[in-house]
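Enquirer: This structure is in structure tokens; I'll ask about it shortly.
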Amino acid sequence: MSNLTTNMTITEAEREALYKVIYSRRDVRGQFLPDMVPDEVIARLLDAAHHAPSVGFMQPWDFIVVKDVETRRKVKEGFEIAHAEAAGMFGGERQDAYRTFKLEGIMESALGICVTCDRSRSGEVVIGRTANPEMDLYSSVCAVQNLWLAARAENLGVGWVSIVHHDHIREALGIPDHIVPVAYLTVGYVSFFHATPELEQAGWLPRMELETLVHHETW
Ligand SMILES: Cc1cc2c(cc1C)N(C[C@H](O)[C@H](O)[C@H](O)COP(=O)(O)O)c1[nH]c(=O)[nH]c(=O)c1N2
């Protein structure tokens with residue numbers, strides 16, 4: 001076998017560890033601890049993200065590591081604006097419930113990581129993006145998921161904060177016009193992980209039955 005190939009087999013224990021990470025990963029908002037995250041741990045998260053699949057191997061992502069309190073305060077301001085707008089979009093009891101939810105941990109977490117997408121990174125014509133131009137954005141989302149799972153393996157919590165207008169994130173983090181902010185993630189150690197999604201625990205939505213979502217041959 002040449003050193004360009006591998007037949008590395010995943011052991012049973014390793015497989016179990018992976019599924020444990022997948023099933024125990026949570027979106028964390030309210031359980032962040034102030035403890036700092038060592039730079040070498042942050043580097044491992046970013047390297048895991050950087051090994052995500054990407055359309056045409058274009059690796060369209062950049063990662064902005066945000067520790068500065070003032071910068072995070074600007075992101076939080078953006079959340080407050082979008083959160084107030086959002087509350088008004090739900091009716092009646094749903095609105096009351098929405099207002100009780102903790103939906104971000106921007107200031108409480110140790111740091112933020114913004115994952116972006118440079119749609120022009122490898123030229124106009126990209127293998128795999130020709131029929132469906134949004135594939136580059138999906139690639140950056142793959143990087144987010146790698147980071148999220150790696151963080152769980154490091155016993156770190158991650159929260160995705162999307163209740164902020166992208167222009168606000170762009171302004172707060174100095175992101176150039178041709179770069180798309182894809183995800184603002186809050187990252188830090190946590191006091192505990194919820195066993196199930198918080199929105200499920202709050203009765204907002206249940207986890208759907210997988211059988212109702214799987215179709216065979218045709219829809
Ligand atoms: C694209 C995207 C965007 C957001 C989220 C997720 C994703 C994938 N989620 C987290 C979301 O609520 C959560 O993943 C589900 O409720 C399921 O819970 P677990 O992730 O399994 O804990 C999320 N949560 C939150 O509190 N504020 C937010 O703005 C967002 N935004």
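Letters A, B, ... go to the chains of the structure tokens in the order shown; residues in each chain start at 1; ligands are counted from 1 in the same order.
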Counting only C-alpha atoms and all ligand atoms, what residues are within 8 Å of ligand 1, given as JSON, numbers by chain?
Expert: {"A": [23, 24, 25, 26, 27, 28, 29, 101, 102, 103, 104, 159, 160, 161, 162, 163, 164, 183, 194, 196, 197, 198, 199, 200]}
Enquirer: Take the residues that were just selected and, keeping N, CA, C and O atoms, output them as a CSV table (one decimal), in the first residue's frame.
Expert:
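Okay, part09.csv is ready:
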```
chain,number,residue,atom,x,y,z
A,23,TYR,N,-24.7,11.7,19.7
A,23,TYR,CA,-25.9,11.8,20.5
A,23,TYR,C,-25.9,12.7,21.7
A,23,TYR,O,-27.0,13.2,22.1
A,24,SER,N,-24.7,13.0,22.2
A,24,SER,CA,-24.7,13.8,23.4
A,24,SER,C,-24.3,15.3,23.0
A,24,SER,O,-24.2,16.1,23.9
A,25,ARG,N,-24.1,15.6,21.8
A,25,ARG,CA,-23.8,17.0,21.4
A,25,ARG,C,-25.1,17.8,21.6
A,25,ARG,O,-26.2,17.3,21.4
A,26,ARG,N,-24.9,18.9,22.1
A,26,ARG,CA,-26.1,19.8,22.4
A,26,ARG,C,-25.8,21.2,21.9
A,26,ARG,O,-24.7,21.6,21.8
A,27,ASP,N,-26.9,21.9,21.7
A,27,ASP,CA,-26.7,23.4,21.5
A,27,ASP,C,-26.8,24.0,22.8
A,27,ASP,O,-27.7,23.9,23.6
A,28,VAL,N,-25.7,24.7,23.2
A,28,VAL,CA,-25.5,25.2,24.6
A,28,VAL,C,-25.8,26.7,24.6
A,28,VAL,O,-25.2,27.4,23.8
A,29,ARG,N,-26.6,27.1,25.5
A,29,ARG,CA,-26.9,28.6,25.6
A,29,ARG,C,-26.6,29.0,27.1
A,29,ARG,O,-26.0,30.1,27.3
A,101,PHE,N,-37.3,31.8,26.5
A,101,PHE,CA,-36.1,30.9,26.1
A,101,PHE,C,-34.8,31.7,26.2
A,101,PHE,O,-34.7,32.9,25.8
A,102,LYS,N,-33.8,31.0,26.6
A,102,LYS,CA,-32.4,31.6,26.6
A,102,LYS,C,-31.8,31.1,25.2
A,102,LYS,O,-31.7,29.9,25.0
A,103,LEU,N,-31.5,32.0,24.4
A,103,LEU,CA,-31.2,31.6,23.0
A,103,LEU,C,-29.8,32.0,22.6
A,103,LEU,O,-29.4,31.9,21.4
A,104,GLU,N,-29.0,32.4,23.5
A,104,GLU,CA,-27.6,32.7,23.2
A,104,GLU,C,-26.8,32.7,24.5
A,104,GLU,O,-27.3,33.0,25.5
A,159,GLY,N,-22.8,26.8,21.0
A,159,GLY,CA,-24.1,27.3,20.7
A,159,GLY,C,-24.1,28.0,19.4
A,159,GLY,O,-23.2,28.8,19.1
A,160,TRP,N,-25.0,27.8,18.5
A,160,TRP,CA,-25.1,28.5,17.2
A,160,TRP,C,-26.1,29.7,17.4
A,160,TRP,O,-27.3,29.4,17.7
A,161,VAL,N,-25.6,30.9,17.2
A,161,VAL,CA,-26.5,32.1,17.4
A,161,VAL,C,-26.8,32.6,16.0
A,161,VAL,O,-25.9,33.3,15.4
A,162,SER,N,-28.0,32.4,15.6
A,162,SER,CA,-28.4,32.9,14.2
A,162,SER,C,-29.4,34.0,14.3
A,162,SER,O,-29.8,34.5,13.3
A,163,ILE,N,-29.7,34.4,15.6
A,163,ILE,CA,-30.7,35.5,15.7
A,163,ILE,C,-29.9,36.8,15.7
A,163,ILE,O,-29.9,37.6,16.7
A,164,VAL,N,-29.2,37.1,14.7
A,164,VAL,CA,-28.4,38.3,14.5
A,164,VAL,C,-28.4,38.5,13.0
A,164,VAL,O,-28.1,37.6,12.2
A,183,ALA,N,-21.9,31.2,10.2
A,183,ALA,CA,-22.4,30.9,11.6
A,183,ALA,C,-21.6,31.6,12.6
A,183,ALA,O,-20.3,31.7,12.5
A,194,HIS,N,-27.4,19.2,28.6
A,194,HIS,CA,-28.7,18.6,28.6
A,194,HIS,C,-28.7,17.3,27.9
A,194,HIS,O,-28.0,17.1,26.9
A,196,THR,N,-31.3,16.0,26.3
A,196,THR,CA,-32.1,16.1,25.1
A,196,THR,C,-32.2,17.6,24.7
A,196,THR,O,-31.9,18.5,25.6
A,197,PRO,N,-32.6,18.0,23.5
A,197,PRO,CA,-32.6,19.4,23.1
A,197,PRO,C,-33.5,20.2,24.1
A,197,PRO,O,-34.6,19.8,24.5
A,198,GLU,N,-33.1,21.4,24.4
A,198,GLU,CA,-33.8,22.3,25.3
A,198,GLU,C,-35.2,22.6,24.7
A,198,GLU,O,-36.2,22.7,25.5
A,199,LEU,N,-35.3,22.8,23.4
A,199,LEU,CA,-36.6,23.1,22.9
A,199,LEU,C,-37.6,21.9,23.0
A,199,LEU,O,-38.8,22.1,23.1
A,200,GLU,N,-37.0,20.7,23.0
A,200,GLU,CA,-37.8,19.5,23.2
A,200,GLU,C,-38.3,19.5,24.7
A,200,GLU,O,-39.5,19.3,25.0
```
Enquirer: To test your reading of the structure, identify every residue in range 75-197 of chain A that backbone DSSP assigns to strand (DSSP E), and report it as a PyMOL selection string.
Expert: chain A and resi 111-118+156-160+179-189
Enquirer: With a cut-off of 8 Å, could you pull out the residues of range 126-190 of chain A touching range 45-55 of chain A and give me the nearest pair of atoms for each, distance in Å to one decimal, using only C-alpha atoms, ordered by chain and ascending number, as JSON lines?
Expert:
```
{"residue": "A:Val126", "atom": "CA", "partner": "A:Val55", "partner_atom": "CA", "distance": 7.4}
{"residue": "A:Ile127", "atom": "CA", "partner": "A:Val55", "partner_atom": "CA", "distance": 6.7}
{"residue": "A:Gly128", "atom": "CA", "partner": "A:Val55", "partner_atom": "CA", "distance": 5.7}
{"residue": "A:Arg129", "atom": "CA", "partner": "A:Val55", "partner_atom": "CA", "distance": 6.6}
{"residue": "A:Met135", "atom": "CA", "partner": "A:Val55", "partner_atom": "CA", "distance": 6.3}
{"residue": "A:Asp136", "atom": "CA", "partner": "A:Val55", "partner_atom": "CA", "distance": 6.1}
{"residue": "A:Ser139", "atom": "CA", "partner": "A:Ser54", "partner_atom": "CA", "distance": 4.6}
{"residue": "A:Ser140", "atom": "CA", "partner": "A:Ser54", "partner_atom": "CA", "distance": 7.4}
{"residue": "A:Cys142", "atom": "CA", "partner": "A:Ala52", "partner_atom": "CA", "distance": 5.8}
{"residue": "A:Ala143", "atom": "CA", "partner": "A:Ala49", "partner_atom": "CA", "distance": 4.3}
{"residue": "A:Val144", "atom": "CA", "partner": "A:Ala49", "partner_atom": "CA", "distance": 6.3}
{"residue": "A:Gln145", "atom": "CA", "partner": "A:Ala49", "partner_atom": "CA", "distance": 7.5}
{"residue": "A:Asn146", "atom": "CA", "partner": "A:Ala49", "partner_atom": "CA", "distance": 5.0}
{"residue": "A:Leu147", "atom": "CA", "partner": "A:Ala49", "partner_atom": "CA", "distance": 4.8}
{"residue": "A:Ala150", "atom": "CA", "partner": "A:Leu45", "partner_atom": "CA", "distance": 5.9}
{"residue": "A:Ala151", "atom": "CA", "partner": "A:Leu45", "partner_atom": "CA", "distance": 6.3}
```
Enquirer: Give me every helix (DSSP H, G or I) residue in range 64-193 of chain A, going by DSSP on the backbone, as a ChimeraX atom specification.
Expert: /A:69-87,92-100,135-153,166-173
Enquirer: Per residue of range 78-176 of chain A within 12 Å of range 63-73 of chain A, which atom pair is closest and at what distance in Å (one decimal), using only C-alpha atoms, listed by chain and increasing number, as a tab-separated table?
Expert:
```
residue	atom	partner	partner_atom	distance
A:Gly78	CA	A:Arg73	CA	8.7
A:Phe79	CA	A:Arg73	CA	9.6
A:Glu80	CA	A:Arg73	CA	10.4
A:Glu104	CA	A:Arg72	CA	11.8
A:Gly105	CA	A:Arg72	CA	10.3
A:Ile106	CA	A:Arg72	CA	6.6
A:Met107	CA	A:Arg72	CA	6.5
A:Glu108	CA	A:Arg72	CA	10.0
A:Ser109	CA	A:Lys67	CA	9.4
A:Ala110	CA	A:Lys67	CA	7.0
A:Leu111	CA	A:Lys67	CA	4.8
A:Gly112	CA	A:Val66	CA	4.8
A:Ile113	CA	A:Val65	CA	4.7
A:Cys114	CA	A:Ile64	CA	5.0
A:Val115	CA	A:Phe63	CA	4.9
A:Thr116	CA	A:Phe63	CA	6.5
A:Cys117	CA	A:Phe63	CA	9.4
A:Asp118	CA	A:Phe63	CA	11.1
A:Ser140	CA	A:Phe63	CA	10.1
A:Ala143	CA	A:Phe63	CA	9.9
A:Val144	CA	A:Phe63	CA	10.0
A:Leu147	CA	A:Phe63	CA	10.8
A:His168	CA	A:Thr71	CA	11.4
A:Ile169	CA	A:Thr71	CA	9.9
A:Arg170	CA	A:Ile64	CA	11.1
A:Glu171	CA	A:Thr71	CA	10.0
A:Ala172	CA	A:Thr71	CA	6.3
A:Leu173	CA	A:Thr71	CA	7.1
A:Gly174	CA	A:Ile64	CA	10.0
A:Ile175	CA	A:Ile64	CA	9.2
```
Enquirer: Have a look at CA of Ala153 in chain A and CA of Gln59 in chain A and let me know their distance in Å, one decimal.
Expert: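 Computed distance, CA of Ala153 in chain A to CA of Gln59 in chain A, equals 23.1 Å.
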Enquirer: So the first atom is CA of Thr186 in chain A and the second is CA of Asp62 in chain A; what is the distance between them in Å, to one decimal place?
Expert: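 For CA of Thr186 in chain A relative to CA of Asp62 in chain A, the distance reads 15.9 Å.
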Enquirer: Write out as a list in words the residues lying within 7 Å of Gly157 in chain A, counting only C-alpha atoms and excluding same-chain residues fewer than 4 positions away.
Expert: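 Near Gly157 in chain A, the qualifying residues are Val28, Ala151, Arg152, Val187, Gly188, Tyr189 and Val190 of chain A.
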Enquirer: Deliver the residues from the most recent selection as a file, using all heavy atoms, as a compact mmCIF listing (two decimals), in the first residue's frame.
Expert:
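Produced file out_33.txt, reproduced below:
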```txt
# COMPACT_ATOMS: atom_id res chain seq x y z
N VAL A 28 -25.66 24.67 23.23
CA VAL A 28 -25.52 25.18 24.60
C VAL A 28 -25.76 26.68 24.61
O VAL A 28 -25.19 27.42 23.80
CB VAL A 28 -24.12 24.86 25.15
CG1 VAL A 28 -23.92 25.50 26.51
CG2 VAL A 28 -23.92 23.34 25.23
N ALA A 151 -15.80 19.71 19.36
CA ALA A 151 -15.94 20.42 20.64
C ALA A 151 -16.56 19.48 21.69
O ALA A 151 -16.09 19.43 22.83
CB ALA A 151 -16.81 21.67 20.46
N ARG A 152 -17.56 18.72 21.29
CA ARG A 152 -18.19 17.79 22.26
C ARG A 152 -17.17 16.76 22.75
O ARG A 152 -17.14 16.39 23.92
CB ARG A 152 -19.42 17.11 21.63
CG ARG A 152 -20.17 16.21 22.61
CD ARG A 152 -20.72 16.99 23.79
NE ARG A 152 -21.27 16.17 24.86
CZ ARG A 152 -20.55 15.70 25.88
NH1 ARG A 152 -19.26 15.94 25.98
NH2 ARG A 152 -21.13 14.98 26.83
N VAL A 187 -18.50 29.26 22.21
CA VAL A 187 -17.75 28.06 22.58
C VAL A 187 -17.21 28.20 24.00
O VAL A 187 -16.66 29.26 24.35
CB VAL A 187 -16.55 27.86 21.61
CG1 VAL A 187 -15.75 26.61 21.97
CG2 VAL A 187 -17.03 27.78 20.15
N GLY A 188 -17.33 27.15 24.80
CA GLY A 188 -16.76 27.20 26.14
C GLY A 188 -17.05 25.95 26.94
O GLY A 188 -17.86 25.10 26.52
N TYR A 189 -16.38 25.84 28.07
CA TYR A 189 -16.68 24.73 28.98
C TYR A 189 -18.05 24.97 29.60
O TYR A 189 -18.54 26.11 29.62
CB TYR A 189 -15.59 24.61 30.05
CG TYR A 189 -14.27 24.14 29.44
CD1 TYR A 189 -13.22 25.03 29.27
CD2 TYR A 189 -14.12 22.84 28.98
CE1 TYR A 189 -12.02 24.61 28.67
CE2 TYR A 189 -12.94 22.42 28.38
CZ TYR A 189 -11.90 23.31 28.22
OH TYR A 189 -10.75 22.90 27.62
N VAL A 190 -18.68 23.89 30.06
CA VAL A 190 -20.06 23.99 30.53
C VAL A 190 -20.22 23.30 31.88
O VAL A 190 -19.41 22.44 32.24
CB VAL A 190 -21.04 23.33 29.51
CG1 VAL A 190 -20.99 24.06 28.18
CG2 VAL A 190 -20.73 21.86 29.31
```
Enquirer: Tell me, as an mmCIF file with all heavy atoms, in the first residue's frame, which residues lie within 10 Å of range 86-89 of chain A, counting only C-alpha atoms; anything in the same chain fewer than 6 positions away does not count.
Expert:
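Output file out_18.cif is given in full below:
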```
data_model
loop_
_atom_site.group_PDB
_atom_site.id
_atom_site.type_symbol
_atom_site.label_atom_id
_atom_site.label_comp_id
_atom_site.auth_asym_id
_atom_site.auth_seq_id
_atom_site.Cartn_x
_atom_site.Cartn_y
_atom_site.Cartn_z
ATOM 1 N N GLU A 80 -29.805 41.288 20.389
ATOM 2 C CA GLU A 80 -30.940 41.934 21.067
ATOM 3 C C GLU A 80 -31.919 42.513 20.044
ATOM 4 O O GLU A 80 -33.139 42.406 20.202
ATOM 5 C CB GLU A 80 -30.450 43.055 21.999
ATOM 6 C CG GLU A 80 -29.501 42.630 23.104
ATOM 7 C CD GLU A 80 -30.158 41.791 24.194
ATOM 8 O OE1 GLU A 80 -31.355 41.489 24.081
ATOM 9 O OE2 GLU A 80 -29.440 41.423 25.146
ATOM 10 N N GLN A 95 -45.519 33.201 21.480
ATOM 11 C CA GLN A 95 -44.695 34.381 21.741
ATOM 12 C C GLN A 95 -44.269 34.427 23.212
ATOM 13 O O GLN A 95 -43.113 34.708 23.529
ATOM 14 C CB GLN A 95 -45.443 35.659 21.360
ATOM 15 C CG GLN A 95 -44.595 36.882 21.604
ATOM 16 C CD GLN A 95 -45.177 38.165 21.040
ATOM 17 O OE1 GLN A 95 -45.019 39.196 21.658
ATOM 18 N NE2 GLN A 95 -45.839 38.115 19.885
ATOM 19 N N ASP A 96 -45.217 34.105 24.095
ATOM 20 C CA ASP A 96 -44.884 34.096 25.523
ATOM 21 C C ASP A 96 -43.781 33.087 25.798
ATOM 22 O O ASP A 96 -42.838 33.361 26.545
ATOM 23 C CB ASP A 96 -46.120 33.742 26.364
ATOM 24 C CG ASP A 96 -47.204 34.810 26.237
ATOM 25 O OD1 ASP A 96 -46.870 35.943 25.809
ATOM 26 O OD2 ASP A 96 -48.377 34.509 26.538
ATOM 27 N N ALA A 97 -43.924 31.908 25.193
ATOM 28 C CA ALA A 97 -42.918 30.854 25.397
ATOM 29 C C ALA A 97 -41.578 31.300 24.827
ATOM 30 O O ALA A 97 -40.534 31.175 25.482
ATOM 31 C CB ALA A 97 -43.377 29.556 24.735
ATOM 32 N N TYR A 98 -41.605 31.846 23.600
ATOM 33 C CA TYR A 98 -40.363 32.289 22.944
ATOM 34 C C TYR A 98 -39.598 33.253 23.846
ATOM 35 O O TYR A 98 -38.376 33.162 23.987
ATOM 36 C CB TYR A 98 -40.678 32.947 21.595
ATOM 37 C CG TYR A 98 -39.448 33.483 20.884
ATOM 38 C CD1 TYR A 98 -38.647 32.644 20.102
ATOM 39 C CD2 TYR A 98 -39.070 34.820 21.012
ATOM 40 C CE1 TYR A 98 -37.507 33.133 19.468
ATOM 41 C CE2 TYR A 98 -37.924 35.312 20.379
ATOM 42 C CZ TYR A 98 -37.151 34.469 19.619
ATOM 43 O OH TYR A 98 -36.020 34.944 19.002
ATOM 44 N N ARG A 99 -40.332 34.167 24.455
ATOM 45 C CA ARG A 99 -39.669 35.180 25.284
ATOM 46 C C ARG A 99 -38.989 34.587 26.511
ATOM 47 O O ARG A 99 -38.091 35.201 27.082
ATOM 48 C CB ARG A 99 -40.694 36.242 25.723
ATOM 49 C CG ARG A 99 -41.131 37.169 24.595
ATOM 50 C CD ARG A 99 -42.128 38.207 25.117
ATOM 51 N NE ARG A 99 -42.759 38.959 24.044
ATOM 52 C CZ ARG A 99 -42.187 39.970 23.377
ATOM 53 N NH1 ARG A 99 -40.970 40.342 23.695
ATOM 54 N NH2 ARG A 99 -42.838 40.583 22.415
ATOM 55 N N ILE A 163 -29.722 34.397 15.552
ATOM 56 C CA ILE A 163 -30.692 35.481 15.716
ATOM 57 C C ILE A 163 -29.920 36.812 15.746
ATOM 58 O O ILE A 163 -29.920 37.557 16.732
ATOM 59 C CB ILE A 163 -31.546 35.248 16.991
ATOM 60 C CG1 ILE A 163 -32.139 33.842 16.957
ATOM 61 C CG2 ILE A 163 -32.680 36.284 17.085
ATOM 62 C CD1 ILE A 163 -32.749 33.388 18.277
#
```
Enquirer: From the options A:Leu33, A:Ile22, A:Val158, A:Ile10, which residue's atoms come nearest to Leu185 in chain A, counting only C-alpha atoms?
Expert: A:Val158
Enquirer: For His83 in chain A, which of A:Gly123, A:Val37, A:Pro176, A:Thr100 is the closest residue, counting only C-alpha atoms?
Expert: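 Among A:Gly123, A:Val37, A:Pro176, A:Thr100, it is A:Thr100 that comes nearest to His83 in chain A.
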